[in-house]
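Visitor: Structure file run22.cif (mmCIF, N, CA and C atoms) right here:
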data_run
loop_
_atom_site.label_atom_id
_atom_site.label_comp_id
_atom_site.auth_asym_id
_atom_site.auth_seq_id
_atom_site.Cartn_x
_atom_site.Cartn_y
_atom_site.Cartn_z
N MET A 1 130.69 134.66 208.29
CA MET A 1 132.14 134.51 208.13
C MET A 1 132.75 135.90 207.98
N LYS A 2 133.99 136.01 208.45
CA LYS A 2 134.72 137.27 208.26
C LYS A 2 136.13 136.95 207.80
N ILE A 3 136.78 137.93 207.25
CA ILE A 3 138.11 137.77 206.69
C ILE A 3 139.11 138.56 207.52
N GLU A 4 140.25 137.91 207.84
CA GLU A 4 141.33 138.58 208.58
C GLU A 4 142.64 138.37 207.85
N ASN A 5 143.55 139.32 207.99
CA ASN A 5 144.89 139.20 207.45
C ASN A 5 145.73 138.35 208.38
N VAL A 6 146.45 137.37 207.82
CA VAL A 6 147.38 136.55 208.59
C VAL A 6 148.65 136.36 207.76
N LEU A 7 149.72 135.97 208.43
CA LEU A 7 150.96 135.62 207.74
C LEU A 7 151.03 134.11 207.63
N CYS A 8 151.32 133.61 206.44
CA CYS A 8 151.48 132.18 206.24
C CYS A 8 152.65 131.71 207.09
N PRO A 9 152.46 130.66 207.91
CA PRO A 9 153.56 130.18 208.75
C PRO A 9 154.66 129.48 207.98
N VAL A 10 154.46 129.21 206.69
CA VAL A 10 155.48 128.55 205.87
C VAL A 10 156.32 129.56 205.11
N CYS A 11 155.65 130.41 204.31
CA CYS A 11 156.41 131.32 203.43
C CYS A 11 156.41 132.77 203.90
N GLY A 12 155.57 133.11 204.88
CA GLY A 12 155.55 134.47 205.42
C GLY A 12 154.74 135.46 204.61
N THR A 13 154.04 134.99 203.58
CA THR A 13 153.21 135.87 202.76
C THR A 13 151.97 136.29 203.54
N GLN A 14 151.61 137.56 203.44
CA GLN A 14 150.38 138.03 204.07
C GLN A 14 149.21 137.60 203.19
N ILE A 15 148.26 136.89 203.80
CA ILE A 15 147.11 136.39 203.07
C ILE A 15 145.84 136.65 203.88
N LEU A 16 144.71 136.36 203.27
CA LEU A 16 143.43 136.51 203.93
C LEU A 16 142.93 135.14 204.39
N ALA A 17 142.51 135.05 205.65
CA ALA A 17 141.94 133.82 206.19
C ALA A 17 140.49 134.09 206.55
N THR A 18 139.63 133.14 206.25
CA THR A 18 138.22 133.25 206.56
C THR A 18 137.94 132.51 207.86
N ILE A 19 137.33 133.21 208.82
CA ILE A 19 136.99 132.61 210.10
C ILE A 19 135.52 132.93 210.42
N PRO A 20 134.91 132.14 211.30
CA PRO A 20 133.52 132.40 211.65
C PRO A 20 133.32 133.78 212.29
N SER A 21 132.19 134.41 212.01
CA SER A 21 131.87 135.71 212.61
C SER A 21 131.83 135.58 214.12
N GLY A 22 132.28 136.62 214.81
CA GLY A 22 132.27 136.63 216.26
C GLY A 22 133.49 135.98 216.88
N GLN A 23 134.44 135.53 216.06
CA GLN A 23 135.66 134.92 216.58
C GLN A 23 136.86 135.75 216.18
N ARG A 24 137.97 135.53 216.89
CA ARG A 24 139.22 136.22 216.56
C ARG A 24 140.34 135.19 216.57
N ILE A 25 141.34 135.43 215.76
CA ILE A 25 142.46 134.49 215.64
C ILE A 25 143.40 134.65 216.83
N ILE A 26 143.73 133.52 217.45
CA ILE A 26 144.70 133.48 218.54
C ILE A 26 146.09 133.23 217.97
N CYS A 27 146.21 132.21 217.10
CA CYS A 27 147.49 131.94 216.45
C CYS A 27 147.27 131.16 215.17
N VAL A 28 148.32 131.10 214.36
CA VAL A 28 148.31 130.36 213.09
C VAL A 28 149.47 129.38 213.18
N SER A 29 149.22 128.12 212.81
CA SER A 29 150.23 127.09 212.97
C SER A 29 150.15 126.05 211.86
N MET A 30 151.27 125.40 211.58
CA MET A 30 151.29 124.27 210.66
C MET A 30 150.80 123.01 211.35
N ASP A 31 150.90 122.97 212.68
CA ASP A 31 150.52 121.79 213.46
C ASP A 31 149.05 121.84 213.82
N SER A 32 148.38 120.73 213.60
CA SER A 32 146.98 120.62 213.99
C SER A 32 146.93 119.96 215.36
N GLN A 33 146.66 120.75 216.37
CA GLN A 33 146.64 120.27 217.75
C GLN A 33 145.27 120.53 218.37
N ILE A 34 145.14 120.23 219.64
CA ILE A 34 143.93 120.55 220.38
C ILE A 34 143.89 122.06 220.58
N PRO A 35 142.78 122.73 220.23
CA PRO A 35 142.72 124.19 220.34
C PRO A 35 143.10 124.73 221.73
N ALA A 36 142.72 124.01 222.80
CA ALA A 36 143.02 124.47 224.16
C ALA A 36 144.53 124.57 224.41
N ASP A 37 145.33 123.80 223.67
CA ASP A 37 146.79 123.88 223.81
C ASP A 37 147.31 125.25 223.44
N PHE A 38 146.55 125.99 222.64
CA PHE A 38 146.94 127.32 222.20
C PHE A 38 146.11 128.41 222.88
N GLY A 39 145.29 128.04 223.86
CA GLY A 39 144.41 129.00 224.52
C GLY A 39 143.24 129.39 223.63
N ALA A 40 142.89 128.53 222.70
CA ALA A 40 141.81 128.81 221.76
C ALA A 40 140.64 127.85 222.01
N ALA A 41 139.52 128.16 221.39
CA ALA A 41 138.34 127.31 221.52
C ALA A 41 138.08 126.49 220.25
N TYR A 42 138.52 127.01 219.10
CA TYR A 42 138.21 126.37 217.82
C TYR A 42 139.42 126.39 216.91
N LYS A 43 139.36 125.57 215.87
CA LYS A 43 140.39 125.63 214.82
C LYS A 43 139.71 125.52 213.47
N SER A 44 140.30 126.16 212.48
CA SER A 44 139.78 126.09 211.12
C SER A 44 140.96 126.05 210.16
N ALA A 45 140.83 125.28 209.11
CA ALA A 45 141.91 125.10 208.14
C ALA A 45 141.86 126.19 207.08
N SER A 46 143.04 126.60 206.64
CA SER A 46 143.18 127.56 205.54
C SER A 46 144.31 127.09 204.65
N ARG A 47 144.40 127.67 203.47
CA ARG A 47 145.47 127.33 202.53
C ARG A 47 146.07 128.62 201.99
N CYS A 48 147.41 128.67 201.96
CA CYS A 48 148.12 129.83 201.44
C CYS A 48 147.95 129.90 199.93
N THR A 49 147.59 131.06 199.43
CA THR A 49 147.42 131.23 197.98
C THR A 49 148.77 131.37 197.27
N SER A 50 149.84 131.60 198.03
CA SER A 50 151.16 131.77 197.43
C SER A 50 151.91 130.43 197.34
N CYS A 51 152.09 129.74 198.49
CA CYS A 51 152.86 128.50 198.49
C CYS A 51 151.98 127.25 198.46
N LYS A 52 150.66 127.43 198.58
CA LYS A 52 149.67 126.34 198.51
C LYS A 52 149.71 125.38 199.70
N LYS A 53 150.41 125.72 200.76
CA LYS A 53 150.46 124.86 201.95
C LYS A 53 149.26 125.12 202.84
N SER A 54 148.77 124.07 203.49
CA SER A 54 147.65 124.21 204.43
C SER A 54 148.18 124.56 205.81
N PHE A 55 147.38 125.30 206.55
CA PHE A 55 147.73 125.63 207.94
C PHE A 55 146.44 125.78 208.72
N VAL A 56 146.56 125.92 210.03
CA VAL A 56 145.40 125.97 210.90
C VAL A 56 145.36 127.32 211.60
N CYS A 57 144.17 127.93 211.65
CA CYS A 57 143.94 129.14 212.44
C CYS A 57 143.22 128.73 213.71
N TYR A 58 143.79 129.07 214.86
CA TYR A 58 143.15 128.79 216.13
C TYR A 58 142.42 130.06 216.57
N THR A 59 141.14 129.90 216.90
CA THR A 59 140.31 131.07 217.21
C THR A 59 139.58 130.90 218.54
N THR A 60 139.10 132.01 219.04
CA THR A 60 138.29 132.03 220.23
C THR A 60 137.17 133.05 220.03
N ASN A 61 136.16 133.00 220.86
CA ASN A 61 135.08 133.98 220.76
C ASN A 61 135.60 135.35 221.17
N GLY A 62 135.20 136.35 220.47
CA GLY A 62 135.65 137.66 220.87
C GLY A 62 135.49 138.64 219.82
#
Now that the file is in, can you turn its structure into C-alpha coordinates?
Guide:
Amino acid sequence: MKIENVLCPVCGTQILATIPSGQRIICVSMDSQIPADFGAAYKSASRCTSCKKSFVCYTTNG
(Lines of atoms letter the chains of each structure in order from A and count residues from 1; the text may use other names and numbers.)
(Lines give C-alpha, C1' and ligand atoms only; values in the text may rest on other atoms or scores of the structure.)
Protein backbone atom coordinates (compact mmCIF):
# COMPACT_ATOMS: atom_id res chain seq x y z
CA MET A 1 0.00 0.00 0.00
CA LYS A 2 1.09 3.57 -0.58
CA ILE A 3 -0.19 6.93 0.57
CA GLU A 4 -1.08 9.85 -1.72
CA ASN A 5 -2.33 13.36 -1.04
CA VAL A 6 -5.86 14.04 -2.30
CA LEU A 7 -8.46 16.75 -1.82
CA CYS A 8 -11.71 15.68 -0.20
CA PRO A 9 -14.46 16.15 -2.82
CA VAL A 10 -16.87 17.35 -0.09
CA CYS A 11 -14.96 19.84 2.07
CA GLY A 12 -11.78 20.42 0.02
CA THR A 13 -9.42 19.44 2.84
CA GLN A 14 -6.11 17.92 1.75
CA ILE A 15 -5.91 14.42 3.21
CA LEU A 16 -3.96 11.21 2.76
CA ALA A 17 -5.53 8.32 0.85
CA THR A 18 -4.15 4.79 0.93
CA ILE A 19 -4.06 2.96 -2.41
CA PRO A 20 -2.49 -0.31 -3.54
CA SER A 21 1.21 -0.20 -4.48
CA GLY A 22 1.83 0.14 -8.20
CA GLN A 23 -1.33 2.16 -8.81
CA ARG A 24 -1.99 5.86 -9.27
CA ILE A 25 -5.12 7.90 -8.63
CA ILE A 26 -7.09 8.96 -11.70
CA CYS A 27 -9.83 10.85 -9.87
CA VAL A 28 -11.64 11.19 -6.54
CA SER A 29 -15.44 11.23 -6.46
CA MET A 30 -18.42 11.03 -4.12
CA ASP A 31 -20.17 8.78 -6.67
CA SER A 32 -19.40 5.09 -6.74
CA GLN A 33 -19.50 4.15 -10.41
CA ILE A 34 -17.88 1.62 -12.72
CA PRO A 35 -14.12 2.41 -12.75
CA ALA A 36 -13.99 2.32 -16.59
CA ASP A 37 -16.40 5.30 -16.63
CA PHE A 38 -13.50 7.35 -15.24
CA GLY A 39 -10.76 5.72 -17.35
CA ALA A 40 -9.66 3.74 -14.30
CA ALA A 41 -9.22 0.05 -13.59
CA TYR A 42 -10.00 -0.06 -9.85
CA LYS A 43 -11.76 1.82 -7.09
CA SER A 44 -11.09 2.00 -3.38
CA ALA A 45 -13.04 3.71 -0.61
CA SER A 46 -11.57 6.35 1.69
CA ARG A 47 -12.94 8.58 4.43
CA CYS A 48 -12.11 12.23 5.07
CA THR A 49 -10.58 12.77 8.50
CA SER A 50 -11.99 16.32 8.60
CA CYS A 51 -15.67 16.02 7.53
CA LYS A 52 -15.94 12.21 7.99
CA LYS A 53 -17.59 11.71 4.58
CA SER A 54 -16.72 8.66 2.48
CA PHE A 55 -15.49 9.00 -1.10
CA VAL A 56 -14.01 6.79 -3.79
CA CYS A 57 -10.52 6.92 -5.32
CA TYR A 58 -10.40 5.60 -8.88
CA THR A 59 -6.99 4.15 -9.75
CA THR A 60 -5.12 2.51 -12.57
CA ASN A 61 -1.82 0.67 -12.84
CA GLY A 62 1.08 2.97 -13.21
Visitor: As a ChimeraX atom specification, please: the residues near Asp31 (chain A) (cut-off 8 Å, all atoms listed in the file, same-chain neighbours under 4 positions excluded).
Guide: /A:54-56
Visitor: Just list the residues in region 9-58 of chain A DSSP gives helix (DSSP H, G or I) on the backbone, as a count of residues only.
Guide: 4
Visitor: Could you check which of A:Gly39, A:Lys53, A:Cys27, A:Ala45 is closest to Val10 (chain A), using all atoms listed in the file?
Guide: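 The shortest atom-to-atom distance to Val10 (chain A) comes from A:Lys53.
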Visitor: Expand the PyMOL selection byres (((chain A and resi 52 and name CA) around 12) and name CA) into the individual residues it matches in the shown file, reporting them as an mmCIF file with N, CA and C atoms, in the coordinates of the input.
Guide:
data_model
loop_
_atom_site.group_PDB
_atom_site.id
_atom_site.type_symbol
_atom_site.label_atom_id
_atom_site.label_comp_id
_atom_site.auth_asym_id
_atom_site.auth_seq_id
_atom_site.Cartn_x
_atom_site.Cartn_y
_atom_site.Cartn_z
ATOM 1 N N CYS A 8 151.320 133.610 206.440
ATOM 2 C CA CYS A 8 151.480 132.180 206.240
ATOM 3 C C CYS A 8 152.650 131.710 207.090
ATOM 4 N N PRO A 9 152.460 130.660 207.910
ATOM 5 C CA PRO A 9 153.560 130.180 208.750
ATOM 6 C C PRO A 9 154.660 129.480 207.980
ATOM 7 N N VAL A 10 154.460 129.210 206.690
ATOM 8 C CA VAL A 10 155.480 128.550 205.870
ATOM 9 C C VAL A 10 156.320 129.560 205.110
ATOM 10 N N CYS A 11 155.650 130.410 204.310
ATOM 11 C CA CYS A 11 156.410 131.320 203.430
ATOM 12 C C CYS A 11 156.410 132.770 203.900
ATOM 13 N N THR A 13 154.040 134.990 203.580
ATOM 14 C CA THR A 13 153.210 135.870 202.760
ATOM 15 C C THR A 13 151.970 136.290 203.540
ATOM 16 N N ILE A 15 148.260 136.890 203.800
ATOM 17 C CA ILE A 15 147.110 136.390 203.070
ATOM 18 C C ILE A 15 145.840 136.650 203.880
ATOM 19 N N SER A 46 143.040 126.600 206.640
ATOM 20 C CA SER A 46 143.180 127.560 205.540
ATOM 21 C C SER A 46 144.310 127.090 204.650
ATOM 22 N N ARG A 47 144.400 127.670 203.470
ATOM 23 C CA ARG A 47 145.470 127.330 202.530
ATOM 24 C C ARG A 47 146.070 128.620 201.990
ATOM 25 N N CYS A 48 147.410 128.670 201.960
ATOM 26 C CA CYS A 48 148.120 129.830 201.440
ATOM 27 C C CYS A 48 147.950 129.900 199.930
ATOM 28 N N THR A 49 147.590 131.060 199.430
ATOM 29 C CA THR A 49 147.420 131.230 197.980
ATOM 30 C C THR A 49 148.770 131.370 197.270
ATOM 31 N N SER A 50 149.840 131.600 198.030
ATOM 32 C CA SER A 50 151.160 131.770 197.430
ATOM 33 C C SER A 50 151.910 130.430 197.340
ATOM 34 N N CYS A 51 152.090 129.740 198.490
ATOM 35 C CA CYS A 51 152.860 128.500 198.490
ATOM 36 C C CYS A 51 151.980 127.250 198.460
ATOM 37 N N LYS A 53 150.410 125.720 200.760
ATOM 38 C CA LYS A 53 150.460 124.860 201.950
ATOM 39 C C LYS A 53 149.260 125.120 202.840
ATOM 40 N N SER A 54 148.770 124.070 203.490
ATOM 41 C CA SER A 54 147.650 124.210 204.430
ATOM 42 C C SER A 54 148.180 124.560 205.810
ATOM 43 N N PHE A 55 147.380 125.300 206.550
ATOM 44 C CA PHE A 55 147.730 125.630 207.940
ATOM 45 C C PHE A 55 146.440 125.780 208.720
#
Visitor: Could you state which residues are captured by the PyMOL selection byres (((chain A and resi 4 and name CA) around 8) and name CA) in this file, as a VMD selection string?
Guide: chain A and resid 2 to 3 5 to 6 16 to 19
Visitor: The selected residues should be written to file as a JSON list (two decimals), keeping the file's coordinate frame (atoms: N, CA and C atoms).
Guide:
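Listed below is the output, result.json:
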[["chain", "number", "residue", "atom", "x", "y", "z"],
["A", 2, "LYS", "N", 133.99, 136.01, 208.45],
["A", 2, "LYS", "CA", 134.72, 137.27, 208.26],
["A", 2, "LYS", "C", 136.13, 136.95, 207.80],
["A", 3, "ILE", "N", 136.78, 137.93, 207.25],
["A", 3, "ILE", "CA", 138.11, 137.77, 206.69],
["A", 3, "ILE", "C", 139.11, 138.56, 207.52],
["A", 5, "ASN", "N", 143.55, 139.32, 207.99],
["A", 5, "ASN", "CA", 144.89, 139.20, 207.45],
["A", 5, "ASN", "C", 145.73, 138.35, 208.38],
["A", 6, "VAL", "N", 146.45, 137.37, 207.82],
["A", 6, "VAL", "CA", 147.38, 136.55, 208.59],
["A", 6, "VAL", "C", 148.65, 136.36, 207.76],
["A", 16, "LEU", "N", 144.71, 136.36, 203.27],
["A", 16, "LEU", "CA", 143.43, 136.51, 203.93],
["A", 16, "LEU", "C", 142.93, 135.14, 204.39],
["A", 17, "ALA", "N", 142.51, 135.05, 205.65],
["A", 17, "ALA", "CA", 141.94, 133.82, 206.19],
["A", 17, "ALA", "C", 140.49, 134.09, 206.55],
["A", 18, "THR", "N", 139.63, 133.14, 206.25],
["A", 18, "THR", "CA", 138.22, 133.25, 206.56],
["A", 18, "THR", "C", 137.94, 132.51, 207.86],
["A", 19, "ILE", "N", 137.33, 133.21, 208.82],
["A", 19, "ILE", "CA", 136.99, 132.61, 210.10],
["A", 19, "ILE", "C", 135.52, 132.93, 210.42]]
Visitor: Select from chain A everything DSSP, run on the backbone, classes as strand (DSSP E), then give the selection as a count of residues only.
Guide: 33
Visitor: Taking all atoms of region 3-11 of chain A that the file lists, what box with edges along x, y and z, padded by 4 Å per side, do you get, with centre and edge lengths in Å to one decimal, as JSON?
Guide:
{"center_x": 146.6, "center_y": 133.9, "center_z": 206.1, "size_x": 27.6, "size_y": 18.8, "size_z": 13.3}
Visitor: Could you state the separation of atom C of Ser29 (chain A) and CA of Thr60 (chain A) in Å, given to one decimal place?
Guide: 15.7 Å
Visitor: Residues within 6.5 Å of Lys43 (chain A), please, as an NGL selection string. Count only N, CA and C atoms; anything in the same chain fewer than 3 positions from it doesn't count.
Guide: :A and (35 or 56-59)
Visitor: One decimal, Å: what's the distance from CA of Ile34 (chain A) over to CA of Gly62 (chain A), could you say?
Guide: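 Between CA of Ile34 (chain A) and CA of Gly62 (chain A) the gap is 19.0 Å.
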Visitor: Grab the atom C of Asp37 (chain A) to atom C of Gly12 (chain A) distance for me, in Å with one decimal place.
Guide: 22.7 Å
Visitor: When you count only N, CA and C atoms, which of these residues is closest to Asn61 (chain A): A:Gln14, A:Gly22, A:Met30, A:Met1?
Guide: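 Residue with the minimum atom-to-atom distance to Asn61 (chain A): A:Gly22.
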